[in-house]
Amino acid sequence: MTDLSRRHLLRAGAAAGGGLLLSFSLPFGSQAATAFAPNAYVRVGEDGSIVLTMPYVEMGQGTYTAIPMLIAEELEVGLGQVQLEHAPPDEKTYGNPLLAGVQATGGSTAIMASWQPLRQAGAVARTLLVAAAAKRWNVEPASCRAEKGEVVHPPTGRRLKYGAVAADAARMPVPKDVPLKDPKDFKLIGTPAKRLDAPAKVNGTAVYGIDVRPHGVKIATLTQSPVFGGKLKSVDDTAAKAVKGVRQIVRLDDCVAVVADHMGAAKKGLAALKIEWDEGPHARLTTADVARDLEQATLNAGPVAENIGDAAKALESAATKVDATYQVPFLAHATMEPMNCTVHVAKDRCEVWVGTQVAARAQAAAAKVTGLPLEKVVLHNHLIGGGFGRRLEVDGVTRAVQIAQKVDGPVKVVWTREEDIQHDMYRPYWFDRLSAGLDETGKPVAWNHRFAGSSVVARWLPPGFNNGLDPDSIEGAAKFIYGLPNKHVEYLRVEPPGVPTAFWRSVGPSHTIFVVESFMDELAAAAKQDPVAYRLALLDKTPRTKAVLTLAAEKAGWGQALPAGIGRGVSVQNVFGSHLAQVAEVEVAKDGTVRVRRVVAAIDCGIVINPDTVRAQIESATIFGISAALYGEITVKDGRVEQSNFDTYRVLRLDEAPKIEVHIVQSGDAPGGMGEPGTSAIVPAIANAIFAATGKRLRKMPIDSELLKRPA
């Protein structure tokens with residue numbers, strides 16, 4: 001299958017990544033017999049090497065630095081002493097407890113899920129190493145301590161490196177209850193640490209899925225039915241076969257792939273194909289059809305996500321009533337690394353090289369297509385060039401294995417950018433109806449919210465969908481931060497015909513926070529009150545949220561005068577276990593063009609592991625969210641996605657990026673998630689800033705510059 005031995009992969013990976021193993025390989029050869037492995041995460045070799053079996057994947061979010069910090073802190077070693085390898089597909093051992101045991105990296109859960117278990121793993125290893133050294137010296141373990149990869153006995157000055165007692169430690173009983181460090185004693189956690197994966201990414205030795213080149217690999221690219229649900233009717237491949245370097249044309253029910261010596265030949269061959277498609281039942285589908293179905297659905301009652309008091313009665317007697325409808329569009333993931341997967345299918349086994357957020361599911365997908373048992377499918381997981389939820393799906397692995405079954409030898413299947421965007425699995429389209437009642441002082445006394453859209457959870461994790469409710473879809477709408485006496489929230493699951501939906505960065509809150517925070521701004525305007533003061537008055541029961549809002553407003557200079565055409569907008573949230581407030585300063589030009597000039601964020605994410613990573617995640621999520629607010633929209637016409645590349649599905653450019661300030665609140669609470677909150681918070685902050693600058697309320701994303709044009 002490959003001309004590299006497993007031990008060779010282990011050594012080469014560690015050397016190339018400056019101590020990081022960038023693709024897992026099991027078993028560990030003779031090393032397994034001499035290594036001290038007290039649990040599924042830590043292994044200490046007799047040579048003193050410390051290897052962390054990483055249960056989560058690195059997509060640029062800093063997991064490969066933050067997770068080792070947890071182990072290193074309790075194990076009393078330097079961060080640079082920890083080597084990494086991907087966990088094999090194994091949900092029983094490496095399942096994410098916050099994602100129902102699925103072996104997955106997503107939902108901003110990696111640190112939250114690891115905070116206790118990974119520290120415990122390091123603490124258990126440390127305790128056993130200390131006990132082994134104490135036994136050798138015939139002293140009490142309590143008289144010894146661990147420091148910098150050694151066990152020290154201060155009364156006598158004796159020292160033993162971890163490697164010297166690793167074999168002895170492996171023979172000792174594993175303790176059940178090991179005390180963890182008090183946060184005041186942390187040496188690594190809470191300090192800025194340089195990214196461990198940065199050197200390999202800078203010098204080009206880091207291995208992403210798209211970089212893999214097994215011996216004899218061929219390159220394939222593909223075209224799938226341009227219409228959702230369409231099938232292949234016929235193909236004339238005469239001209240394609242004549243392209244130099246093209247080796248094979250693979251036909252599937254709804255796809256044609258060109259296999260070649262290199263990507264250039266594969267793309268030329270693909271362009272030369274003459275294909276006729278059976279467009280199927282969705283050939284006339286448009287975005288307007290989807291929106292109309294959702295709007296119609298919200299005219300009827302749905303499953304109740306939350307009910308407090310009697311919102312209907314309070315609304316009837318309210319001094320002022322405010323109504324609004326909101327919409328958010330389909331969105332693509334558009335990761336910098338397009339979808340790709342390398343596969344070698346042999347008679348009795350299958351080998352897969354891929355960057356995936358769900359290793360066990362990817363392995364299972366390959367096994368299902370080939371009909372092989374799981375143990376005959378070897379999966380190599382790699383660094384990911386952007387996930388944002390796209391690689392929580394295994395459709396790419398399934399497709400690659402289907403193609404590889406018809407190819408002799410390994411084949412790397414690479415989606416073109418156009419194929420990647422037009423055959424994504426999209427953030428759902430949403431339609432919302434809201435009504436609120438205000439008393440004579442402008443305070444909200446009633447809140448009604450009904451919304452309709454696809455449920456990704458119902459498909460991706462069916463047990464999580466109960467009584468018609470999807471916990472992801474309602475997060476940020478039900479049980480939100482504000483204390484209201486009467487509140488009613490309903491959610492209706494409506495699946496768009498033919499359009500596949502999936503998790504997208506900040507998942508449910510990417511929709512709910514935009515709607516809730518925009519509508520709260522509307523209420524403040526109707527009450528003729530300051531948007532920050534209005535929110536603060538409703539946050540007495542959520543002091544951490546109130547504190548970040550106060551801090552963000554102060555740092556942004558809230559209330560200070562701005563020139564004409566420039567406005568400040570605010571949003572605040574508690575999602576993914578983190579409290580975040582953002583203030584956006586936005587300029588609206590005469591032609592309706594919007595520029596985000598400055599963003600000020602205040603974050604309380606509990607105990608901070610690496611403050612540099614917290615800032616980086618807020619910055620990157622903010623940029624991601626600004627792109628969505630200004631440009632993000634996938635539209636469907638005649639059953640086809642109209643966008644195809646970054647000219648029609650734009651992302652924020654370097655010269656458009658605002659100044660971003662991140663203020664971190666010191667906290668003793670358990671860590672919250674950081675990968676996604678910034679994306680959901682920034683969009684309503686921008687919309688509210690536009691209202692402050694122009695007096696125009698935008699209830700549909702992305703921003704429509706035509707609506708913001710000033711009269712000539």
# chains A, B, ... in the order shown; residues from 1 in each chain; ligands from 1

call {"tool": "residues_around", "arguments": {"residues": "Glu587 in chain A", "least_positions_apart": "3", "cutoff": "12 Å", "atoms": "only C-alpha atoms", "output": "MDAnalysis selection string"}}
result
chainID A and resid 562:569 584 590:598 656 658 686:694 708

call {"tool": "closest_atom_pairs", "arguments": {"of": "range 457-573 of chain A", "to": "range 319-331 of chain A", "cutoff": "9 Å", "atoms": "only C-alpha atoms", "output": "CSV"}}
result
residue,atom,partner,partner_atom,distance
A:Thr501,CA,A:Phe330,CA,8.5
A:Trp504,CA,A:Leu331,CA,7.9
A:His511,CA,A:Val328,CA,6.7
A:Phe514,CA,A:Val328,CA,8.7
A:Val515,CA,A:Tyr326,CA,6.6
A:Phe519,CA,A:Ala324,CA,7.7
A:Glu522,CA,A:Val322,CA,8.0
A:Leu523,CA,A:Val322,CA,7.2
A:Ala526,CA,A:Val322,CA,7.8
A:Ala527,CA,A:Thr320,CA,8.7

call {"tool": "closest_residue", "arguments": {"among": "A:Ala670, A:Ile682, A:Val44, A:Val499", "to": "Glu585 in chain A", "atoms": "only C-alpha atoms"}}
result
A:Ile682

call {"tool": "residues_around", "arguments": {"residues": "Phe503 in chain A", "least_positions_apart": "5", "cutoff": "9 Å", "atoms": "only C-alpha atoms", "output": "PyMOL selection string"}}
result
chain A and resi 107+388-390+392-393+425-428+456-457+508

call {"tool": "write_last_selection", "arguments": {"atoms": "N, CA and C atoms", "output": "PDB file, in the first residue's frame"}}
result
ATOM      1  N   GLY A 107     -17.937  22.590  16.849  1.00  0.00           N
ATOM      2  CA  GLY A 107     -18.781  23.219  17.855  1.00  0.00           C
ATOM      3  C   GLY A 107     -18.014  23.941  18.947  1.00  0.00           C
ATOM      4  N   PHE A 388     -14.447  24.695   9.250  1.00  0.00           N
ATOM      5  CA  PHE A 388     -15.662  25.496   9.438  1.00  0.00           C
ATOM      6  C   PHE A 388     -16.925  24.628   9.422  1.00  0.00           C
ATOM      7  N   GLY A 389     -16.773  23.328   9.675  1.00  0.00           N
ATOM      8  CA  GLY A 389     -17.896  22.411   9.656  1.00  0.00           C
ATOM      9  C   GLY A 389     -17.982  21.581   8.390  1.00  0.00           C
ATOM     10  N   ARG A 390     -17.322  22.021   7.324  1.00  0.00           N
ATOM     11  CA  ARG A 390     -17.426  21.269   6.058  1.00  0.00           C
ATOM     12  C   ARG A 390     -16.869  19.861   6.195  1.00  0.00           C
ATOM     13  N   LEU A 392     -16.873  18.054   8.775  1.00  0.00           N
ATOM     14  CA  LEU A 392     -17.670  17.196   9.636  1.00  0.00           C
ATOM     15  C   LEU A 392     -18.509  16.247   8.780  1.00  0.00           C
ATOM     16  N   GLU A 393     -18.467  16.454   7.480  1.00  0.00           N
ATOM     17  CA  GLU A 393     -19.196  15.613   6.534  1.00  0.00           C
ATOM     18  C   GLU A 393     -18.229  14.663   5.830  1.00  0.00           C
ATOM     19  N   MET A 425     -22.097  21.628   1.145  1.00  0.00           N
ATOM     20  CA  MET A 425     -23.285  21.401   1.963  1.00  0.00           C
ATOM     21  C   MET A 425     -23.442  22.683   2.772  1.00  0.00           C
ATOM     22  N   TYR A 426     -24.541  23.384   2.629  1.00  0.00           N
ATOM     23  CA  TYR A 426     -24.609  24.799   2.939  1.00  0.00           C
ATOM     24  C   TYR A 426     -25.209  25.120   4.306  1.00  0.00           C
ATOM     25  N   ARG A 427     -24.783  26.259   4.858  1.00  0.00           N
ATOM     26  CA  ARG A 427     -25.454  26.779   6.059  1.00  0.00           C
ATOM     27  C   ARG A 427     -26.923  26.993   5.691  1.00  0.00           C
ATOM     28  N   PRO A 428     -27.857  26.534   6.508  1.00  0.00           N
ATOM     29  CA  PRO A 428     -29.272  26.626   6.145  1.00  0.00           C
ATOM     30  C   PRO A 428     -29.765  28.055   5.937  1.00  0.00           C
ATOM     31  N   VAL A 456     -29.720  20.448  10.814  1.00  0.00           N
ATOM     32  CA  VAL A 456     -28.546  19.628  10.518  1.00  0.00           C
ATOM     33  C   VAL A 456     -28.426  18.505  11.536  1.00  0.00           C
ATOM     34  N   VAL A 457     -28.741  18.805  12.784  1.00  0.00           N
ATOM     35  CA  VAL A 457     -28.644  17.799  13.843  1.00  0.00           C
ATOM     36  C   VAL A 457     -29.526  16.593  13.544  1.00  0.00           C
ATOM     37  N   GLY A 508     -25.778  27.180  14.796  1.00  0.00           N
ATOM     38  CA  GLY A 508     -27.057  27.822  15.066  1.00  0.00           C
ATOM     39  C   GLY A 508     -26.974  29.305  15.389  1.00  0.00           C
TER      40      GLY A 508
END

call {"tool": "select_by_dssp", "arguments": {"residues": "range 545-646 of chain A", "states": "helix (DSSP H, G or I)", "output": "PyMOL selection string"}}
result
chain A and resi 545-556+611-630

call {"tool": "write_last_selection", "arguments": {"atoms": "C-alpha atoms", "output": "short mmCIF file (atom, residue, chain, number, x, y, z; two decimals), in the first residue's frame"}}
result
data_model
loop_
_atom_site.label_atom_id
_atom_site.label_comp_id
_atom_site.auth_asym_id
_atom_site.auth_seq_id
_atom_site.Cartn_x
_atom_site.Cartn_y
_atom_site.Cartn_z
CA THR A 545 -22.33 38.89 30.01
CA LYS A 546 -23.08 42.28 31.51
CA ALA A 547 -19.40 42.75 32.33
CA VAL A 548 -18.16 42.08 28.77
CA LEU A 549 -20.76 44.45 27.35
CA THR A 550 -19.67 47.18 29.74
CA LEU A 551 -16.02 46.61 28.90
CA ALA A 552 -16.51 46.54 25.12
CA ALA A 553 -18.56 49.73 25.18
CA GLU A 554 -15.96 51.50 27.32
CA LYS A 555 -13.03 50.43 25.14
CA ALA A 556 -14.88 51.38 21.95
CA PRO A 611 -4.30 34.20 25.28
CA ASP A 612 -2.65 34.47 21.86
CA THR A 613 -5.01 31.80 20.54
CA VAL A 614 -8.04 33.53 22.09
CA ARG A 615 -7.16 36.77 20.30
CA ALA A 616 -6.43 34.97 17.04
CA GLN A 617 -9.74 33.13 17.15
CA ILE A 618 -11.72 36.30 17.80
CA GLU A 619 -9.88 38.03 14.96
CA SER A 620 -10.34 35.21 12.46
CA ALA A 621 -13.98 34.58 13.39
CA THR A 622 -14.67 38.30 13.08
CA ILE A 623 -13.18 38.42 9.60
CA PHE A 624 -15.20 35.34 8.66
CA GLY A 625 -18.38 36.99 9.94
CA ILE A 626 -17.66 40.30 8.19
CA SER A 627 -17.28 38.40 4.92
CA ALA A 628 -20.70 36.85 5.49
CA ALA A 629 -22.32 40.16 6.41
CA LEU A 630 -20.96 42.07 3.43
#

call {"tool": "closest_residue", "arguments": {"among": "A:Met69, A:Ala525, A:Leu379, A:Ala170", "to": "Gly442 in chain A", "atoms": "only C-alpha atoms"}}
result
A:Ala525

call {"tool": "closest_residue", "arguments": {"among": "A:Pro444, A:Val608, A:Thr156, A:Pro671", "to": "Gln116 in chain A", "atoms": "only C-alpha atoms"}}
result
A:Pro671

call {"tool": "select_by_dssp", "arguments": {"residues": "range 519-680 of chain A", "states": "strand (DSSP E)", "output": "JSON list (two decimals) with C-alpha atoms, in the first residue's frame"}}
result
[["chain", "number", "residue", "atom", "x", "y", "z"],
["A", 566, "ILE", "CA", -20.29, 56.50, 10.44],
["A", 567, "GLY", "CA", -22.03, 54.58, 13.19],
["A", 568, "ARG", "CA", -21.35, 52.20, 16.04],
["A", 569, "GLY", "CA", -23.32, 49.02, 16.58],
["A", 570, "VAL", "CA", -23.26, 46.53, 19.40],
["A", 571, "SER", "CA", -24.08, 42.90, 20.01],
["A", 572, "VAL", "CA", -23.65, 40.64, 23.03],
["A", 573, "GLN", "CA", -24.08, 36.90, 23.52],
["A", 574, "ASN", "CA", -23.38, 33.85, 25.66],
["A", 575, "VAL", "CA", -22.95, 30.89, 23.30],
["A", 578, "SER", "CA", -18.24, 32.01, 26.27],
["A", 579, "HIS", "CA", -19.49, 35.52, 26.92],
["A", 580, "LEU", "CA", -18.68, 37.99, 24.14],
["A", 581, "ALA", "CA", -19.59, 41.56, 23.29],
["A", 582, "GLN", "CA", -18.56, 43.28, 20.08],
["A", 583, "VAL", "CA", -18.80, 46.89, 18.98],
["A", 584, "ALA", "CA", -18.44, 47.57, 15.27],
["A", 585, "GLU", "CA", -17.62, 50.98, 13.84],
["A", 586, "VAL", "CA", -18.96, 51.13, 10.29],
["A", 587, "GLU", "CA", -18.80, 53.69, 7.50],
["A", 588, "VAL", "CA", -21.51, 53.83, 4.83],
["A", 594, "VAL", "CA", -20.12, 49.54, 3.65],
["A", 595, "ARG", "CA", -16.71, 49.48, 5.28],
["A", 596, "VAL", "CA", -16.08, 48.09, 8.75],
["A", 597, "ARG", "CA", -13.43, 50.40, 10.18],
["A", 598, "ARG", "CA", -12.94, 49.07, 13.70],
["A", 599, "VAL", "CA", -14.12, 46.20, 15.89],
["A", 600, "VAL", "CA", -13.75, 46.10, 19.66],
["A", 601, "ALA", "CA", -14.37, 42.80, 21.40],
["A", 602, "ALA", "CA", -14.53, 41.88, 25.07],
["A", 603, "ILE", "CA", -14.43, 38.17, 25.86],
["A", 604, "ASP", "CA", -14.92, 36.11, 29.01],
["A", 636, "VAL", "CA", -30.05, 28.88, -6.49],
["A", 637, "LYS", "CA", -31.49, 29.28, -9.99],
["A", 640, "ARG", "CA", -28.09, 25.22, -9.74],
["A", 641, "VAL", "CA", -25.86, 27.20, -7.39],
["A", 659, "LYS", "CA", -8.62, 47.18, 13.13],
["A", 660, "ILE", "CA", -9.66, 44.54, 15.68],
["A", 661, "GLU", "CA", -9.10, 44.96, 19.41],
["A", 662, "VAL", "CA", -9.62, 42.04, 21.78],
["A", 663, "HIS", "CA", -9.93, 42.55, 25.53],
["A", 664, "ILE", "CA", -9.81, 39.36, 27.62]]

call {"tool": "residues_around", "arguments": {"residues": "Ile249 in chain A", "least_positions_apart": "5", "cutoff": "9 Å", "atoms": "only C-alpha atoms", "output": "PyMOL selection string"}}
result
chain A and resi 237+240-241+256-260+269

call {"tool": "write_last_selection", "arguments": {"atoms": "N, CA and C atoms", "output": "mmCIF file, in the first residue's frame"}}
result
data_model
loop_
_atom_site.group_PDB
_atom_site.id
_atom_site.type_symbol
_atom_site.label_atom_id
_atom_site.label_comp_id
_atom_site.auth_asym_id
_atom_site.auth_seq_id
_atom_site.Cartn_x
_atom_site.Cartn_y
_atom_site.Cartn_z
ATOM 1 N N ASP A 237 -16.513 11.099 -24.249
ATOM 2 C CA ASP A 237 -15.193 11.367 -23.681
ATOM 3 C C ASP A 237 -14.073 11.251 -24.706
ATOM 4 N N ALA A 240 -11.600 14.088 -24.441
ATOM 5 C CA ALA A 240 -10.910 14.039 -23.151
ATOM 6 C C ALA A 240 -9.809 12.993 -23.162
ATOM 7 N N LYS A 241 -10.073 11.845 -23.739
ATOM 8 C CA LYS A 241 -9.078 10.778 -23.785
ATOM 9 C C LYS A 241 -7.861 11.159 -24.628
ATOM 10 N N VAL A 256 -18.831 12.447 -13.202
ATOM 11 C CA VAL A 256 -17.795 11.960 -14.114
ATOM 12 C C VAL A 256 -16.464 12.474 -13.580
ATOM 13 N N ALA A 257 -15.465 11.601 -13.494
ATOM 14 C CA ALA A 257 -14.134 11.980 -13.028
ATOM 15 C C ALA A 257 -13.116 11.665 -14.113
ATOM 16 N N VAL A 258 -12.130 12.541 -14.224
ATOM 17 C CA VAL A 258 -11.025 12.337 -15.160
ATOM 18 C C VAL A 258 -9.777 12.039 -14.340
ATOM 19 N N VAL A 259 -9.160 10.904 -14.606
ATOM 20 C CA VAL A 259 -7.964 10.462 -13.897
ATOM 21 C C VAL A 259 -6.763 10.705 -14.807
ATOM 22 N N ALA A 260 -5.740 11.366 -14.273
ATOM 23 C CA ALA A 260 -4.611 11.762 -15.108
ATOM 24 C C ALA A 260 -3.306 11.719 -14.331
ATOM 25 N N GLY A 269 -8.834 17.534 -19.454
ATOM 26 C CA GLY A 269 -9.697 16.428 -19.847
ATOM 27 C C GLY A 269 -11.142 16.669 -19.432
#

call {"tool": "residues_around", "arguments": {"residues": "Glu316 in chain A", "least_positions_apart": "3", "cutoff": "8 Å", "atoms": "only C-alpha atoms", "output": "PDB file with C-alpha atoms, in the first residue's frame"}}
result
ATOM      1  CA  ALA A 312     -49.488  36.388  24.037  1.00  0.00           C
ATOM      2  CA  LYS A 313     -51.433  38.003  26.899  1.00  0.00           C
ATOM      3  CA  GLY A 437     -44.351  44.331  23.502  1.00  0.00           C
TER       4      GLY A 437
END

call {"tool": "residues_around", "arguments": {"residues": "Ala239 in chain A", "least_positions_apart": "2", "cutoff": "10 Å", "atoms": "only C-alpha atoms", "output": "ChimeraX atom specification"}}
result
/A:236-237,241-243,268-274

call {"tool": "atom_distance", "arguments": {"atom1": "CA of Gly230 in chain A", "atom2": "CA of Ile634 in chain A"}}
result
19.0 Å

call {"tool": "closest_residue", "arguments": {"among": "A:Ala123, A:Val227, A:Ile219, A:Ala169", "to": "Ala283 in chain A", "atoms": "only C-alpha atoms"}}
result
A:Val227

call {"tool": "residues_around", "arguments": {"residues": "Tyr162 in chain A", "least_positions_apart": "5", "cutoff": "10 Å", "atoms": "only C-alpha atoms", "output": "count of residues only"}}
result
23

call {"tool": "decode", "arguments": {"residues": "range 602-670 of chain A", "atoms": "C-alpha atoms", "output": "compact mmCIF listing (two decimals), in the first residue's frame"}}
result
# COMPACT_ATOMS: atom_id res chain seq x y z
CA ALA A 602 -14.53 41.88 25.07
CA ILE A 603 -14.43 38.17 25.86
CA ASP A 604 -14.92 36.11 29.01
CA CYS A 605 -14.21 32.53 27.96
CA GLY A 606 -13.42 31.28 31.43
CA ILE A 607 -9.87 30.17 32.20
CA VAL A 608 -7.70 31.10 29.24
CA ILE A 609 -5.33 28.41 28.01
CA ASN A 610 -3.38 30.50 25.49
CA PRO A 611 -4.30 34.20 25.28
CA ASP A 612 -2.65 34.47 21.86
CA THR A 613 -5.01 31.80 20.54
CA VAL A 614 -8.04 33.53 22.09
CA ARG A 615 -7.16 36.77 20.30
CA ALA A 616 -6.43 34.97 17.04
CA GLN A 617 -9.74 33.13 17.15
CA ILE A 618 -11.72 36.30 17.80
CA GLU A 619 -9.88 38.03 14.96
CA SER A 620 -10.34 35.21 12.46
CA ALA A 621 -13.98 34.58 13.39
CA THR A 622 -14.67 38.30 13.08
CA ILE A 623 -13.18 38.42 9.60
CA PHE A 624 -15.20 35.34 8.66
CA GLY A 625 -18.38 36.99 9.94
CA ILE A 626 -17.66 40.30 8.19
CA SER A 627 -17.28 38.40 4.92
CA ALA A 628 -20.70 36.85 5.49
CA ALA A 629 -22.32 40.16 6.41
CA LEU A 630 -20.96 42.07 3.43
CA TYR A 631 -20.88 39.43 0.72
CA GLY A 632 -21.98 35.97 1.87
CA GLU A 633 -24.84 34.49 -0.11
CA ILE A 634 -25.42 31.29 -2.04
CA THR A 635 -28.32 31.59 -4.47
CA VAL A 636 -30.05 28.88 -6.49
CA LYS A 637 -31.49 29.28 -9.99
CA ASP A 638 -32.89 26.41 -12.07
CA GLY A 639 -31.68 23.97 -9.42
CA ARG A 640 -28.09 25.22 -9.74
CA VAL A 641 -25.86 27.20 -7.39
CA GLU A 642 -25.07 30.47 -9.14
CA GLN A 643 -21.79 31.23 -7.32
CA SER A 644 -18.65 29.41 -8.46
CA ASN A 645 -15.45 31.06 -7.21
CA PHE A 646 -14.20 33.94 -5.13
CA ASP A 647 -15.26 36.45 -7.77
CA THR A 648 -18.92 35.60 -7.17
CA TYR A 649 -18.59 34.35 -3.58
CA ARG A 650 -16.40 37.03 -2.10
CA VAL A 651 -14.43 37.02 1.11
CA LEU A 652 -13.02 40.04 2.88
CA ARG A 653 -9.77 41.26 1.31
CA LEU A 654 -6.67 42.42 3.10
CA ASP A 655 -7.24 46.11 2.34
CA GLU A 656 -10.80 45.85 3.68
CA ALA A 657 -9.89 44.34 7.05
CA PRO A 658 -10.69 46.54 10.05
CA LYS A 659 -8.62 47.18 13.13
CA ILE A 660 -9.66 44.54 15.68
CA GLU A 661 -9.10 44.96 19.41
CA VAL A 662 -9.62 42.04 21.78
CA HIS A 663 -9.93 42.55 25.53
CA ILE A 664 -9.81 39.36 27.62
CA VAL A 665 -11.55 39.22 30.99
CA GLN A 666 -9.66 37.20 33.59
CA SER A 667 -11.92 34.46 34.90
CA GLY A 668 -11.76 31.44 37.15
CA ASP A 669 -14.61 29.62 35.44
CA ALA A 670 -14.08 26.52 33.32
